[in-house]
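Asker: See target-v1.cif below, with mmCIF, C-alpha atoms and all ligand atoms.
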data_input
#
loop_
_atom_site.label_atom_id
_atom_site.label_comp_id
_atom_site.auth_asym_id
_atom_site.auth_seq_id
_atom_site.Cartn_x
_atom_site.Cartn_y
_atom_site.Cartn_z
CA MET X 1 0.00 0.00 0.00
CA ASP X 2 1.34 3.42 -0.98
CA ILE X 3 0.82 5.45 2.20
CA GLU X 4 2.49 8.55 0.78
CA ALA X 5 0.19 8.66 -2.25
CA LEU X 6 -2.84 8.11 -0.04
CA ALA X 7 -1.75 10.92 2.29
CA GLU X 8 -1.25 13.27 -0.64
CA GLY X 9 -4.68 12.39 -1.98
CA VAL X 10 -6.26 13.19 1.38
CA LEU X 11 -4.37 16.48 1.64
CA ALA X 12 -5.55 17.37 -1.86
CA GLY X 13 -9.12 16.81 -0.68
CA GLU X 14 -9.77 13.92 -3.08
CA ARG X 15 -12.91 12.11 -2.03
CA ARG X 16 -11.76 8.69 -3.18
CA ALA X 17 -8.52 8.96 -1.24
CA LEU X 18 -10.46 10.13 1.79
CA ALA X 19 -12.91 7.23 1.55
CA ARG X 20 -10.04 4.75 1.16
CA ALA X 21 -8.21 6.26 4.10
CA ILE X 22 -11.28 5.95 6.31
CA THR X 23 -11.76 2.34 5.22
CA LEU X 24 -8.14 1.72 6.17
CA ILE X 25 -8.48 3.17 9.67
CA GLU X 26 -11.70 1.19 10.18
CA SER X 27 -10.03 -2.10 9.38
CA GLY X 28 -9.30 -4.52 12.18
CA ARG X 29 -6.50 -6.29 10.31
CA ALA X 30 -3.10 -5.98 11.97
CA ASP X 31 -1.24 -4.97 8.78
CA HIS X 32 -3.93 -2.39 8.01
CA ARG X 33 -3.60 -1.09 11.53
CA ASP X 34 0.13 -0.53 11.02
CA ALA X 35 -0.50 1.25 7.73
CA ALA X 36 -3.22 3.39 9.36
CA THR X 37 -0.85 4.40 12.14
CA GLN X 38 1.73 5.47 9.55
CA LEU X 39 -0.89 7.37 7.58
CA MET X 40 -2.10 9.25 10.65
CA ALA X 41 1.47 10.14 11.59
CA ARG X 42 2.04 11.47 8.09
CA LEU X 43 -1.11 13.59 8.36
CA ASN X 44 -0.22 15.09 11.72
CA ALA X 45 -2.07 18.38 12.17
CA ALA X 46 1.10 20.12 13.31
CA ASP X 47 2.41 19.69 9.74
CA HIS X 48 -0.60 20.65 7.63
CA GLY X 49 -1.94 23.27 10.03
CA ARG X 50 -5.61 22.80 9.10
CA GLU X 51 -8.24 22.96 11.76
CA ALA X 52 -11.92 22.11 11.53
CA MET X 53 -14.66 23.12 13.88
CA ARG X 54 -15.36 19.73 15.47
CA ILE X 55 -18.95 19.61 16.62
CA GLY X 56 -20.39 16.77 18.69
CA LEU X 57 -24.14 16.34 18.50
CA SER X 58 -26.22 14.12 20.72
CA GLY X 59 -29.84 13.56 21.63
CA THR X 60 -32.39 10.85 22.24
CA PRO X 61 -33.67 8.73 19.33
CA GLY X 62 -36.11 10.64 17.16
CA VAL X 63 -35.25 14.11 18.49
CA GLY X 64 -34.18 15.14 14.99
CA LYS X 65 -30.39 14.77 14.93
CA SER X 66 -30.18 13.57 11.35
CA THR X 67 -32.72 16.12 10.14
CA PHE X 68 -30.78 18.85 11.92
CA ILE X 69 -27.41 17.74 10.54
CA GLU X 70 -28.77 17.67 7.03
CA ALA X 71 -30.36 21.13 7.27
CA PHE X 72 -27.40 22.61 9.11
CA GLY X 73 -24.95 20.97 6.71
CA MET X 74 -26.86 22.32 3.71
CA MET X 75 -26.72 25.81 5.18
CA LEU X 76 -22.97 25.54 5.75
CA THR X 77 -22.21 24.22 2.26
CA ALA X 78 -24.28 27.07 0.82
CA ARG X 79 -21.94 29.39 2.73
CA GLY X 80 -18.95 27.73 1.10
CA GLU X 81 -17.97 25.54 4.03
CA ALA X 82 -16.97 21.92 3.46
CA VAL X 83 -18.87 19.70 5.89
CA GLY X 84 -18.00 16.22 7.13
CA VAL X 85 -20.49 14.03 8.99
CA LEU X 86 -19.55 11.04 11.13
CA ALA X 87 -21.37 8.83 13.58
CA VAL X 88 -20.42 7.22 16.85
CA ASP X 89 -22.77 4.35 17.32
CA PRO X 90 -22.30 2.39 20.51
CA SER X 91 -25.19 0.09 19.63
CA SER X 92 -23.84 -1.11 16.29
CA ALA X 93 -21.25 -3.27 18.02
CA ARG X 94 -24.07 -5.24 19.56
CA SER X 95 -26.93 -5.09 17.10
CA GLY X 96 -25.07 -4.86 13.83
CA GLY X 97 -27.18 -1.82 13.01
CA SER X 98 -25.77 1.49 11.99
CA ILE X 99 -26.84 5.08 12.50
CA LEU X 100 -26.62 7.37 9.52
CA GLY X 101 -26.87 4.15 7.60
CA ASP X 102 -30.25 5.23 6.42
CA LYS X 103 -29.00 7.56 3.72
CA THR X 104 -32.47 8.60 2.61
CA ARG X 105 -32.55 10.75 5.72
CA MET X 106 -29.70 12.84 4.40
CA GLU X 107 -30.52 12.60 0.76
CA ARG X 108 -29.84 16.22 -0.05
CA LEU X 109 -26.63 16.54 1.93
CA SER X 110 -25.21 13.30 0.56
CA ARG X 111 -25.55 14.72 -2.97
CA GLU X 112 -23.73 17.90 -2.00
CA PRO X 113 -20.19 17.92 -3.47
CA ALA X 114 -18.85 19.87 -0.47
CA ALA X 115 -20.23 17.36 2.03
CA PHE X 116 -18.83 14.00 3.05
CA ILE X 117 -21.04 11.63 5.04
CA ARG X 118 -19.66 8.49 6.61
CA PRO X 119 -22.11 6.16 8.34
CA SER X 120 -20.76 4.21 11.26
CA PRO X 121 -19.69 0.76 10.13
CA ALA X 122 -21.72 -2.10 11.52
CA GLN X 123 -20.20 -4.66 13.87
CA SER X 124 -17.21 -2.67 14.89
CA HIS X 125 -15.74 -3.68 18.22
CA LEU X 126 -16.56 -1.15 20.93
CA GLY X 127 -13.00 -0.39 21.94
CA GLY X 128 -12.23 0.62 18.37
CA VAL X 129 -15.16 2.99 17.99
CA ALA X 130 -13.46 5.92 19.70
CA ARG X 131 -10.15 5.61 17.91
CA ARG X 132 -11.77 5.10 14.55
CA THR X 133 -13.90 8.22 14.93
CA ARG X 134 -11.00 10.29 16.20
CA GLU X 135 -8.90 9.27 13.24
CA ALA X 136 -11.75 9.91 10.81
CA ILE X 137 -12.10 13.43 12.25
CA ALA X 138 -8.38 13.98 11.78
CA LEU X 139 -8.62 12.74 8.17
CA LEU X 140 -11.48 15.12 7.37
CA GLU X 141 -9.51 17.91 8.97
CA ALA X 142 -6.45 17.08 6.88
CA ALA X 143 -8.65 17.02 3.77
CA GLY X 144 -9.63 20.61 4.49
CA PHE X 145 -13.15 20.26 5.88
CA GLY X 146 -14.10 23.36 7.84
CA ALA X 147 -16.79 21.72 9.94
CA VAL X 148 -17.02 18.14 11.15
CA LEU X 149 -20.25 17.00 12.77
CA VAL X 150 -20.23 13.85 14.90
CA GLU X 151 -23.65 12.40 15.65
CA THR X 152 -24.30 10.04 18.50
CA VAL X 153 -27.45 8.67 20.05
CA GLY X 154 -27.85 9.78 23.64
CA VAL X 155 -27.70 6.49 25.45
CA GLY X 156 -24.99 7.08 28.05
CA GLN X 157 -21.29 6.59 27.50
CA SER X 158 -21.14 7.69 23.90
CA GLU X 159 -21.78 11.38 24.68
CA THR X 160 -18.69 11.48 26.87
CA VAL X 161 -16.64 9.80 24.17
CA VAL X 162 -17.83 12.30 21.57
CA ALA X 163 -17.32 15.30 23.87
CA GLU X 164 -13.73 14.12 24.40
CA MET X 165 -12.99 14.40 20.68
CA THR X 166 -14.85 17.56 19.69
CA ASP X 167 -14.46 21.29 20.28
CA LEU X 168 -18.14 22.00 20.82
CA PHE X 169 -20.79 19.73 22.23
CA VAL X 170 -24.40 20.27 21.26
CA LEU X 171 -27.35 18.54 22.87
CA LEU X 172 -30.58 18.33 20.91
CA LEU X 173 -33.81 18.22 22.90
CA ALA X 174 -37.49 17.91 22.09
CA PRO X 175 -40.20 20.27 23.33
CA ALA X 176 -41.46 18.90 26.65
CA GLY X 177 -45.13 18.06 27.01
CA GLY X 178 -45.65 19.32 30.52
CA ASP X 179 -43.42 21.58 32.58
CA GLU X 180 -41.06 18.79 33.63
CA LEU X 181 -37.58 18.82 32.15
CA GLN X 182 -36.83 15.66 30.23
CA GLY X 183 -34.73 13.10 32.00
CA VAL X 184 -31.47 14.65 30.88
CA LYS X 185 -28.68 13.50 33.11
CA ARG X 186 -26.91 16.29 34.89
CA GLY X 187 -23.54 15.07 33.66
CA ILE X 188 -24.65 15.38 30.04
CA MET X 189 -26.08 18.86 30.63
CA GLU X 190 -22.76 19.89 32.14
CA MET X 191 -20.90 18.82 29.02
CA ALA X 192 -23.09 20.81 26.65
CA ASP X 193 -22.00 24.12 25.16
CA ILE X 194 -25.27 24.65 23.35
CA LEU X 195 -28.71 23.14 24.01
CA LEU X 196 -31.00 23.12 20.99
CA ILE X 197 -34.70 22.62 21.50
CA ASN X 198 -35.70 21.24 18.13
CA LYS X 199 -39.12 21.03 16.49
CA ALA X 200 -39.94 24.65 17.31
CA ASP X 201 -42.57 24.74 14.59
CA GLY X 202 -46.32 24.39 14.14
CA GLU X 203 -48.17 23.09 17.16
CA LEU X 204 -44.94 22.46 19.02
CA GLN X 205 -43.71 26.06 18.79
CA ALA X 206 -45.12 27.23 22.12
CA ALA X 207 -43.95 24.14 23.99
CA ALA X 208 -40.47 24.56 22.46
CA THR X 209 -40.23 28.16 23.63
CA ARG X 210 -41.30 27.16 27.13
CA THR X 211 -38.90 24.22 27.23
CA CYS X 212 -36.11 26.52 26.06
CA SER X 213 -36.62 28.95 28.91
CA ASP X 214 -36.81 26.07 31.38
CA TYR X 215 -33.44 24.84 30.19
CA ALA X 216 -31.97 28.33 30.12
CA GLY X 217 -32.94 28.53 33.79
CA ALA X 218 -31.43 25.13 34.54
CA LEU X 219 -28.18 26.14 32.80
CA ARG X 220 -27.87 29.24 34.97
CA LEU X 221 -27.88 26.99 38.03
CA LEU X 222 -24.92 24.95 36.83
CA ARG X 223 -21.45 25.69 38.10
CA LYS X 224 -19.68 28.29 35.95
CA ARG X 225 -17.07 26.73 33.69
CA PRO X 226 -13.82 28.57 32.92
CA GLN X 227 -14.12 27.80 29.20
CA ASP X 228 -17.35 29.80 28.82
CA PRO X 229 -17.78 33.48 28.00
CA GLU X 230 -20.79 35.39 29.32
CA GLY X 231 -24.06 33.79 28.20
CA PHE X 232 -22.72 30.25 27.67
CA PRO X 233 -23.75 27.46 27.78
CA LYS X 234 -26.76 28.63 25.84
CA ALA X 235 -30.24 27.26 25.07
CA MET X 236 -31.89 28.05 21.74
CA THR X 237 -34.89 26.87 19.75
CA VAL X 238 -34.59 25.59 16.19
CA SER X 239 -36.65 23.80 13.64
CA ALA X 240 -34.57 21.36 11.64
CA MET X 241 -37.61 20.64 9.51
CA GLU X 242 -38.46 24.24 8.65
CA GLU X 243 -34.78 25.19 8.76
CA THR X 244 -35.25 28.10 11.14
CA GLY X 245 -32.73 29.29 13.70
CA LEU X 246 -29.86 27.49 12.00
CA ALA X 247 -27.85 30.56 11.02
CA ARG X 248 -28.06 31.80 14.59
CA VAL X 249 -26.71 28.49 15.83
CA TRP X 250 -23.70 28.80 13.53
CA ASP X 251 -23.16 32.42 14.61
CA GLU X 252 -23.15 31.40 18.26
CA MET X 253 -20.77 28.54 17.52
CA THR X 254 -18.31 30.76 15.68
CA GLU X 255 -18.53 33.40 18.40
CA LEU X 256 -17.86 30.80 21.10
CA ALA X 257 -14.98 29.38 19.06
CA ARG X 258 -13.48 32.86 18.56
CA TRP X 259 -13.64 33.59 22.30
CA ARG X 260 -12.12 30.27 23.25
CA ARG X 261 -9.32 30.65 20.72
CA GLU X 262 -8.45 34.11 21.98
CA SER X 263 -8.57 33.05 25.61
CA GLY X 264 -6.44 29.94 25.03
CA HIS X 265 -9.20 27.52 26.07
CA TRP X 266 -9.53 26.07 22.58
CA GLU X 267 -5.92 24.98 22.32
CA ARG X 268 -5.84 23.80 25.91
CA ARG X 269 -8.87 21.59 25.36
CA ARG X 270 -7.33 20.01 22.30
CA ALA X 271 -4.09 19.42 24.18
CA GLU X 272 -5.97 17.81 27.07
CA GLN X 273 -7.92 15.65 24.65
CA ALA X 274 -4.72 14.49 22.97
CA ARG X 275 -3.31 13.51 26.35
CA HIS X 276 -6.53 11.75 27.29
CA TRP X 277 -6.47 9.66 24.11
CA PHE X 278 -2.82 8.82 24.56
CA GLU X 279 -3.57 7.46 28.02
CA ALA X 280 -6.64 5.62 26.76
CA GLU X 281 -4.57 3.97 24.01
CA VAL X 282 -1.99 2.81 26.54
CA ARG X 283 -4.70 1.32 28.74
CA GLU X 284 -6.39 -0.38 25.82
CA GLY X 285 -3.08 -1.69 24.52
CA LEU X 286 -2.29 -3.23 27.89
CA LEU X 287 -5.72 -4.80 28.14
CA ALA X 288 -5.37 -6.20 24.64
CA ARG X 289 -2.09 -7.84 25.62
CA LEU X 290 -3.78 -9.50 28.59
CA GLY X 291 -6.15 -11.16 26.16
CA ARG X 292 -3.41 -12.46 23.84
CA GLU X 293 -0.81 -15.20 24.16
CA PRO X 294 1.50 -15.69 25.87
CA VAL X 295 0.04 -13.50 28.64
CA ARG X 296 -3.38 -15.11 28.49
CA GLY X 297 -2.08 -18.62 29.09
CA ALA X 298 0.33 -17.53 31.81
CA MET X 299 -2.52 -15.72 33.53
CA ALA X 300 -4.73 -18.83 33.42
CA THR X 301 -1.94 -20.96 34.86
CA LEU X 302 -1.25 -18.50 37.65
CA ALA X 303 -4.97 -18.18 38.35
CA ARG X 304 -5.23 -21.93 38.91
CA GLN X 305 -2.29 -21.79 41.32
CA VAL X 306 -3.97 -18.95 43.21
CA GLU X 307 -7.22 -20.91 43.36
CA ALA X 308 -5.37 -23.94 44.74
CA GLY X 309 -3.75 -21.78 47.38
CA GLU X 310 -0.26 -22.58 46.11
CA ILE X 311 0.63 -18.94 45.65
CA THR X 312 -0.84 -15.66 46.93
CA ALA X 313 -2.77 -13.34 44.61
CA ALA X 314 -0.25 -10.55 45.13
CA ILE X 315 2.75 -12.70 44.24
CA ALA X 316 0.97 -14.18 41.22
CA ALA X 317 0.12 -10.69 39.94
CA ASP X 318 3.64 -9.49 40.54
CA THR X 319 5.07 -12.48 38.69
CA LEU X 320 2.83 -11.92 35.69
CA LEU X 321 3.60 -8.20 35.48
CA ARG X 322 7.33 -8.74 35.85
CA GLU X 323 7.74 -11.68 33.52
CA TYR X 324 5.28 -10.79 30.80
CA LEU X 325 4.61 -7.06 30.90
CA GLY X 326 8.05 -5.80 31.84
CA GLY X 327 6.95 -4.09 35.01
N1 LIG K 1 -41.96 18.96 13.54
C1 LIG K 1 -40.68 18.64 13.40
N2 LIG K 1 -40.31 17.38 13.21
C2 LIG K 1 -39.00 17.10 13.07
C3 LIG K 1 -38.01 18.11 13.14
N3 LIG K 1 -36.79 17.53 13.01
C4 LIG K 1 -37.03 16.21 12.85
N4 LIG K 1 -38.35 15.95 12.89
C5 LIG K 1 -38.98 14.62 12.73
O1 LIG K 1 -38.61 13.77 13.79
C6 LIG K 1 -38.42 12.43 13.30
C7 LIG K 1 -37.05 11.92 13.68
O2 LIG K 1 -36.08 12.69 13.01
P1 LIG K 1 -34.58 12.18 12.83
O3 LIG K 1 -33.81 13.31 12.23
O4 LIG K 1 -34.54 10.90 12.13
O5 LIG K 1 -34.15 11.96 14.33
P2 LIG K 1 -32.80 11.34 14.92
O6 LIG K 1 -32.55 12.04 16.19
O7 LIG K 1 -31.72 11.37 13.91
O8 LIG K 1 -33.22 9.86 15.20
P3 LIG K 1 -32.29 8.57 15.43
O9 LIG K 1 -31.19 8.60 14.38
O10 LIG K 1 -33.22 7.42 15.25
O11 LIG K 1 -31.73 8.66 16.82
C8 LIG K 1 -38.68 12.46 11.82
O12 LIG K 1 -39.98 12.05 11.58
C9 LIG K 1 -38.49 13.93 11.47
O13 LIG K 1 -39.23 14.31 10.35
C10 LIG K 1 -38.43 19.46 13.32
O14 LIG K 1 -37.67 20.42 13.39
N5 LIG K 1 -39.78 19.66 13.46
MG MG K 2 -30.44 9.85 13.10
#
Please go through the file and, once you have read it, give me the structure as structure tokens.
Ligand SMILES: Nc1nc2c(ncn2[C@@H]2O[C@H](COP(=O)(O)OP(=O)(O)OP(=O)(O)O)[C@@H](O)[C@H]2O)c(=O)[nH]1
Ligand SMILES: [Mg+2]
Answerer:
Amino acid sequence: MDIEALAEGVLAGERRALARAITLIESGRADHRDAATQLMARLNAADHGREAMRIGLSGTPGVGKSTFIEAFGMMLTARGEAVGVLAVDPSSARSGGSILGDKTRMERLSREPAAFIRPSPAQSHLGGVARRTREAIALLEAAGFGAVLVETVGVGQSETVVAEMTDLFVLLLAPAGGDELQGVKRGIMEMADILLINKADGELQAAATRTCSDYAGALRLLRKRPQDPEGFPKAMTVSAMEETGLARVWDEMTELARWRRESGHWERRRAEQARHWFEAEVREGLLARLGREPVRGAMATLARQVEAGEITAAIAADTLLREYLGG
């Protein structure tokens, strides 16, 4: 495989090269993995200097994430921005399903030459989901995309994973029926930079406005974060269907990004994220070694000796670490 040619294709913004590069980083094959690592090193951001606005987007099933991304993406491409769309799908590893797989939902955006949509591959192993998405973001960035949207279904862990790899985290919410706030976990609220109450149209308009002010109130009660200028995190209403409020969302995002860049928070967050992923890779690498020979067999043997009372747990652990993991 010609890594250099592939890298040059990505840097030139060639769609076929980009698609091939993403397929490479998604592969579980060991030789592909080595090639992917080389490719990512060659496309190090410090060398090409390109930076996308990385936007994480989450929300419960049916809240309108895909509709929003399509409408928002169309608006951005009309403004001359190249838009990449990725998905983090924690469920696909189990069910074999795939979000964004249903292309008909983003029919217009997928025909847009300045947009690149990559559904999450089915049956990916969970541990690989985060790395794969991170690398896909970096590839889109290297290819010159100005905005990268990462969709995830709000079902728990995946929001945290997405927030750890994006610059801005947006939570999409539906208009509430009564006056109760939807069961949004506090931790998720605390991660959000922008709350969007979607479906602010037709009969739902009034409920959306009310829900928005409820959330604005809830946001004011959260602990102030150093990375926020006055007025953030912010709650706003939008209609993905009628495409209203979208330009304002982009304005707020660019304003927040400008402030964070000038105050140093932007760069600091990216640096912290890079460190986080380094540490996560080390942990995952160690865990993977535990599951492979010869460590696996040695561990089973030692476990039997511990069970039989021939050796203490502490000494067995120490032996394994020293003899097999160099520590
Ligand atoms: N009235 C109204 N309906 C909307 C709006 N946005 C989305 N919908 C509808 O809500 C339904 C779900 O929209 P999707 O965009 O598929 O929602 P999603 O969050 O991507 O759903 P999952 O991918 O299944 O998690 C569809 O029937 C949309 O037409 C909106 O702004 N207003
Ligand atoms: Mg969707």
Asker: Would you kindly return, as a list in words, each protein, DNA or RNA residue with an atom no farther than 12 Å from any atom of X:Glu293, considering only C-alpha atoms and excluding same-chain residues fewer than 6 positions away?
Answerer: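 My list of contacting residues is Met299, Ala300, Tyr324 and Leu325 of chain X.
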Asker: With only C-alpha atoms as the atoms that count, which of X:Cys212, X:Met165, X:Ala17, X:Met253 lies nearest to X:Ile194?
Answerer: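 Closest to X:Ile194 of all the choices is X:Met253.
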Asker: Kindly compute an axis-aligned box around the listed atoms of ligand LIG 1 (chain K), allowing 3 Å on each side, and express its centre and edge lengths in Å to one decimal as AutoDock Vina command-line options.
Answerer:
--center_x -36.6 --center_y 13.9 --center_z 13.6 --size_x 16.8 --size_y 19.0 --size_z 12.5
Asker: Report as a tab-separated table (two decimals) with C-alpha atoms, keeping the file's coordinate frame all protein, DNA and RNA residues lying within 6 Å of X:Ala200, evaluated on only C-alpha atoms, omitting residues in the same chain fewer than 6 positions from it.
Answerer:
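Result file follows (part23.tsv):
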chain	number	residue	atom	x	y	z
X	208	ALA	CA	-40.47	24.56	22.46
X	238	VAL	CA	-34.59	25.59	16.19
X	239	SER	CA	-36.65	23.80	13.64
Asker: I need the residue nearest ligand LIG 1 (chain K) from this list: X:Glu135, X:Asp251, X:Asp89, X:Glu267. Use all atoms listed in the file for the distance.
Answerer: X:Asp89
Asker: Quote the spacing between atom CA of X:Ile22 and atom CA of X:Glu4 in Å to one decimal place.
Answerer: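 Between these atoms lies a distance of 15.1 Å.
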Asker: From the options X:Met106, X:Ala314, X:Ala82, X:Met236, which residue's atoms come nearest to ligand LIG 1 (chain K), counting only C-alpha atoms and all ligand atoms?
Answerer: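 Under the stated criterion, the closest residue is X:Met106.
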Asker: Nearest to X:Glu243 among X:Ile311, X:Ala71, X:Leu196, X:Val153, with distances taken over only C-alpha atoms: which residue is it?
Answerer: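 Counting only C-alpha atoms, the residue closest to X:Glu243 is X:Ala71.
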Asker: Rank nothing, just name the residue among X:Ile188, X:Leu287, X:Ala147, X:Met40 nearest to X:Leu86, using all atoms listed in the file.
Answerer: X:Ala147
Asker: Kindly give the distance, in Å, that separates atom CA of X:Glu81 and atom CA of X:Trp250, rounded to a single decimal.
Answerer: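 Distance between the two atoms: 11.6 Å.
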Asker: Select, counting only C-alpha atoms, all protein, DNA and RNA residues no farther than 12 Å from (-1.5, 19.6, -0.8) in file coordinates, and express the selection as a list in words.
Answerer: Glu4, Ala5, Leu6, Ala7, Glu8, Gly9, Val10, Leu11, Ala12, Gly13, Glu14, Leu43, Asp47, His48, Gly49, Arg50, Ala142, Ala143 and Gly144 of chain X
Asker: Env of X:Asn198: 7 Å cut, atoms = all atoms listed in the file, seq-sep filter 3 positions within chain, self excluded. Answer as a PyMOL selection string.
Answerer: chain X and resi 172-175+237-240
Asker: Do you have the atom CA of X:Arg258-atom CA of X:Ala130 distance handy?
Answerer: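 Atom-to-atom, atom CA of X:Arg258 and atom CA of X:Ala130 are spaced 27.0 Å apart.
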Asker: Given all atoms listed in the file as the basis, pick out the residue of X:Arg260, X:Arg15, X:Arg248, X:Lys65 nearest to ligand MG 2 (chain K).
Answerer: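 Result for the nearest residue to ligand MG 2 (chain K): X:Lys65.
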Asker: Could you list, as a ChimeraX atom specification, all protein and nucleic acid residues with an atom at most 8 Å from ligand LIG 1 (chain K), counting only C-alpha atoms and all ligand atoms?
Answerer: /X:59-69,99-100,105,152-154,198-202,204,238-243
Asker: Taking C-alpha atoms for each residue, export the selection above as a PDB file, in the coordinates of the input.
Answerer:
ATOM      1  CA  GLY X  59     -29.840  13.560  21.630  1.00  0.00           C
ATOM      2  CA  THR X  60     -32.390  10.850  22.240  1.00  0.00           C
ATOM      3  CA  PRO X  61     -33.670   8.730  19.330  1.00  0.00           C
ATOM      4  CA  GLY X  62     -36.110  10.640  17.160  1.00  0.00           C
ATOM      5  CA  VAL X  63     -35.250  14.110  18.490  1.00  0.00           C
ATOM      6  CA  GLY X  64     -34.180  15.140  14.990  1.00  0.00           C
ATOM      7  CA  LYS X  65     -30.390  14.770  14.930  1.00  0.00           C
ATOM      8  CA  SER X  66     -30.180  13.570  11.350  1.00  0.00           C
ATOM      9  CA  THR X  67     -32.720  16.120  10.140  1.00  0.00           C
ATOM     10  CA  PHE X  68     -30.780  18.850  11.920  1.00  0.00           C
ATOM     11  CA  ILE X  69     -27.410  17.740  10.540  1.00  0.00           C
ATOM     12  CA  ILE X  99     -26.840   5.080  12.500  1.00  0.00           C
ATOM     13  CA  LEU X 100     -26.620   7.370   9.520  1.00  0.00           C
ATOM     14  CA  ARG X 105     -32.550  10.750   5.720  1.00  0.00           C
ATOM     15  CA  THR X 152     -24.300  10.040  18.500  1.00  0.00           C
ATOM     16  CA  VAL X 153     -27.450   8.670  20.050  1.00  0.00           C
ATOM     17  CA  GLY X 154     -27.850   9.780  23.640  1.00  0.00           C
ATOM     18  CA  ASN X 198     -35.700  21.240  18.130  1.00  0.00           C
ATOM     19  CA  LYS X 199     -39.120  21.030  16.490  1.00  0.00           C
ATOM     20  CA  ALA X 200     -39.940  24.650  17.310  1.00  0.00           C
ATOM     21  CA  ASP X 201     -42.570  24.740  14.590  1.00  0.00           C
ATOM     22  CA  GLY X 202     -46.320  24.390  14.140  1.00  0.00           C
ATOM     23  CA  LEU X 204     -44.940  22.460  19.020  1.00  0.00           C
ATOM     24  CA  VAL X 238     -34.590  25.590  16.190  1.00  0.00           C
ATOM     25  CA  SER X 239     -36.650  23.800  13.640  1.00  0.00           C
ATOM     26  CA  ALA X 240     -34.570  21.360  11.640  1.00  0.00           C
ATOM     27  CA  MET X 241     -37.610  20.640   9.510  1.00  0.00           C
ATOM     28  CA  GLU X 242     -38.460  24.240   8.650  1.00  0.00           C
ATOM     29  CA  GLU X 243     -34.780  25.190   8.760  1.00  0.00           C
TER      30      GLU X 243
END
